[in-house]
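These notes are about the structure you will find just below.
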Amino acid sequence: MSYVGRFAPSPSGPLHFGSLVAALGSYFQAKSQQGKWLVRIEDIDPPREVQGSAELILAALKAYELNWDDEITYQSDRYFLYQQQIDEWLANGQAYYCQCTRKQIKQSGGYYLGTCRNNPPKIIDECAIRLRMDHPVNQFTDLRHGDMLIPDALAQEDFIIKRRDGLYAYNLAVVLDDIEQGITEIVRGADLIEPTGRQISLYKTLNVEPVNYLHLPLAMDENGNKLSKQNHATAIDINNPKPTLLMAMTFLGFQLPHDIEAKTVSEIIAWGSQNWRLKQLPDSTKITAKFSNEAV
């Protein structure tokens, strides 16, 4: 099967250094295997989205010469796909309505214990929809880090696939999209290691072979916080991309040649695609970046 990878940012702000690392890692992995690299905008959570962010993200990718294959996909255009699958599961009993609140779940130990599984609410207004966990996954193999363990209580939990506010859950949307787009391998940040078990369980529920996973190290600031939009990470410079690009490639373990600064951004990206190796990635899943958010 031909390699198909993807970069799937949420439009909650412009690209920052941490998201650039994820974009580069997924791009280099795809191109090193002569594969396709797709871009998907994961805009299924309007309350968290910032107007104009999708356009800023795409402009940044272009500035860094991360050119995608095929058309951009937007999750907001695919609600019908998610609802169709949910309706099928509701009809056959694989999914059910749940009225339990976060407070109730916290009081029961922090994990959902299946309260509504066999006794669903009669009134479904403002209810979430959960998936029966018939295929719990408490371990998976990461291409760089080997066997990754997931707590049993989390693995066995019937998790939400549609929120009580009517929004579709990330785990459901991302798996259905990856299957529909023919994604063969997922390269992303290590902050998404924990949900990987749930996503593999969805593949199993759908009777589809799970994809491979590679989790890249997270860039941390000097205070030990992940560089993220939530932590107000500064947008990367799209007018002078080369310094940040080289910094991100160093972060990903490249041993850069001394004359690389004389090359164009396009030439640097081509060099990275040719010289990318999984063994170059750091062992740690978290690395303190040698600069503050303001310096990026």
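Every chain in the structure tokens takes a letter, A first, then B, and so on in the order presented; its residues are numbered from 1, and the ligands are numbered from 1 following the presented order.
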Would you mind listing, for every residue of stretch 166-259 of chain A within 9 Å of stretch 60-72 of chain A, the two atoms forming the shortest contact and the distance between them in Å to one decimal, using only C-alpha atoms, sorted by chain and ascending residue number, as a Markdown table?
```
| residue | atom | partner | partner_atom | distance |
| --- | --- | --- | --- | --- |
| A:Ile236 | CA | A:Ala60 | CA | 7.8 |
| A:Asp237 | CA | A:Ala60 | CA | 8.1 |
| A:Ile238 | CA | A:Ala60 | CA | 5.6 |
| A:Asn239 | CA | A:Ala63 | CA | 7.4 |
| A:Asn240 | CA | A:Ala63 | CA | 8.6 |
| A:Pro241 | CA | A:Tyr64 | CA | 6.1 |
| A:Lys242 | CA | A:Tyr64 | CA | 7.9 |
| A:Leu245 | CA | A:Tyr64 | CA | 7.3 |
```
Which residues are close to A:Ile123, i.e. within 12 Å by only C-alpha atoms, leaving aside same-chain residues fewer than 6 positions away? Reply as an NGL selection string.
:A and (97-99)
Take the residues that were just selected and, keeping C-alpha atoms, output them as a PDB file, in the first residue's frame.
```pdb
ATOM      1  CA  TYR A  97     -27.300   8.037  25.111  1.00  0.00           C
ATOM      2  CA  CYS A  98     -25.822   9.096  28.435  1.00  0.00           C
ATOM      3  CA  GLN A  99     -26.992  11.832  30.807  1.00  0.00           C
TER       4      GLN A  99
END
```
Would you kindly return, as a PyMOL selection string, each protein, DNA or RNA residue with an atom no farther than 7 Å from any atom of A:Arg188, considering only C-alpha atoms and excluding same-chain residues fewer than 2 positions away?
chain A and resi 22+26+186+190+214-216
With distances taken over only C-alpha atoms, the candidate from A:Tyr170, A:Tyr203, A:Trp276, A:Phe254 nearest A:Tyr82 is A:Tyr170
Let's see if you can do this: from backbone DSSP, list all strand (DSSP E or B) residues in stretch 75-259 of chain A, as a PyMOL selection string.
chain A and resi 95-98+128-131+139-142+146-149+160-162+168+185-189+212-216+218-220+226+235
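Around A:Tyr112, within 7 Å and counting only C-alpha atoms, the residues found are Ile105, Glu157 and Asp158 of chain A, once anything fewer than 5 positions away on its own chain is removed.
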Any chance you can output those residues with N, CA, C and O atoms as a PDB file, in the first residue's frame?
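This is the output file selection.pdb:
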```
ATOM      1  N   ILE A 105     -19.284  11.853  37.232  1.00  0.00           N
ATOM      2  CA  ILE A 105     -18.188  10.944  36.888  1.00  0.00           C
ATOM      3  C   ILE A 105     -16.994  11.168  37.807  1.00  0.00           C
ATOM      4  O   ILE A 105     -16.340  10.219  38.247  1.00  0.00           O
ATOM      5  N   GLU A 157     -13.145   2.294  29.317  1.00  0.00           N
ATOM      6  CA  GLU A 157     -14.215   3.263  29.474  1.00  0.00           C
ATOM      7  C   GLU A 157     -15.027   3.417  28.185  1.00  0.00           C
ATOM      8  O   GLU A 157     -14.470   3.518  27.097  1.00  0.00           O
ATOM      9  N   ASP A 158     -16.356   3.437  28.320  1.00  0.00           N
ATOM     10  CA  ASP A 158     -17.229   3.786  27.191  1.00  0.00           C
ATOM     11  C   ASP A 158     -17.081   5.286  26.968  1.00  0.00           C
ATOM     12  O   ASP A 158     -17.600   6.089  27.744  1.00  0.00           O
TER      13      ASP A 158
END
```
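Taking only C-alpha atoms into account, A:Leu15 lies nearest to A:Thr244 out of the set A:Thr244, A:Gln107, A:Ser266, A:Gln255.
Closest approach to A:Leu218 among A:Leu202, A:Leu176, A:Ile86, A:Leu252: A:Leu252, based on only C-alpha atoms.
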Polymer residues at most 12 Å from A:Arg198, only C-alpha atoms, same-chain spacing of 6 or more positions, as number ranges by chain:
A: 131-140, 150-161, 169-172, 174-175, 192, 204-205, 210
Would you mind listing what lies within 9 Å of A:Ser32 as a ChimeraX atom specification, with only C-alpha atoms counted and same-chain residues fewer than 6 positions away left out?
/A:272-277
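Compared by their closest atoms to A:Val265, and using only C-alpha atoms, the residues A:Leu143, A:Tyr3, A:Pro243, A:Gln84 rank with A:Pro243 nearest.
For the set A:Gly25, A:Arg163, A:Asp77, A:Ala54, the residue with the smallest atom-to-atom gap to A:Pro11 is A:Ala54, counting only C-alpha atoms.
Of the listed residues A:Ala219, A:Val21, A:Leu281, A:Ala235, the one whose atoms come nearest to A:Leu56 is A:Ala235, with distances taken using only C-alpha atoms.
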So which residues of stretch 95-261 of chain A fall under alpha helix (DSSP H) by DSSP, listed as a ChimeraX atom specification?
/A:102-107,152-155,170-180,193-205,242-251
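In this model, the gap between atom CA of A:Gln83 and atom CA of A:Tyr168 comes to 8.4 Å.
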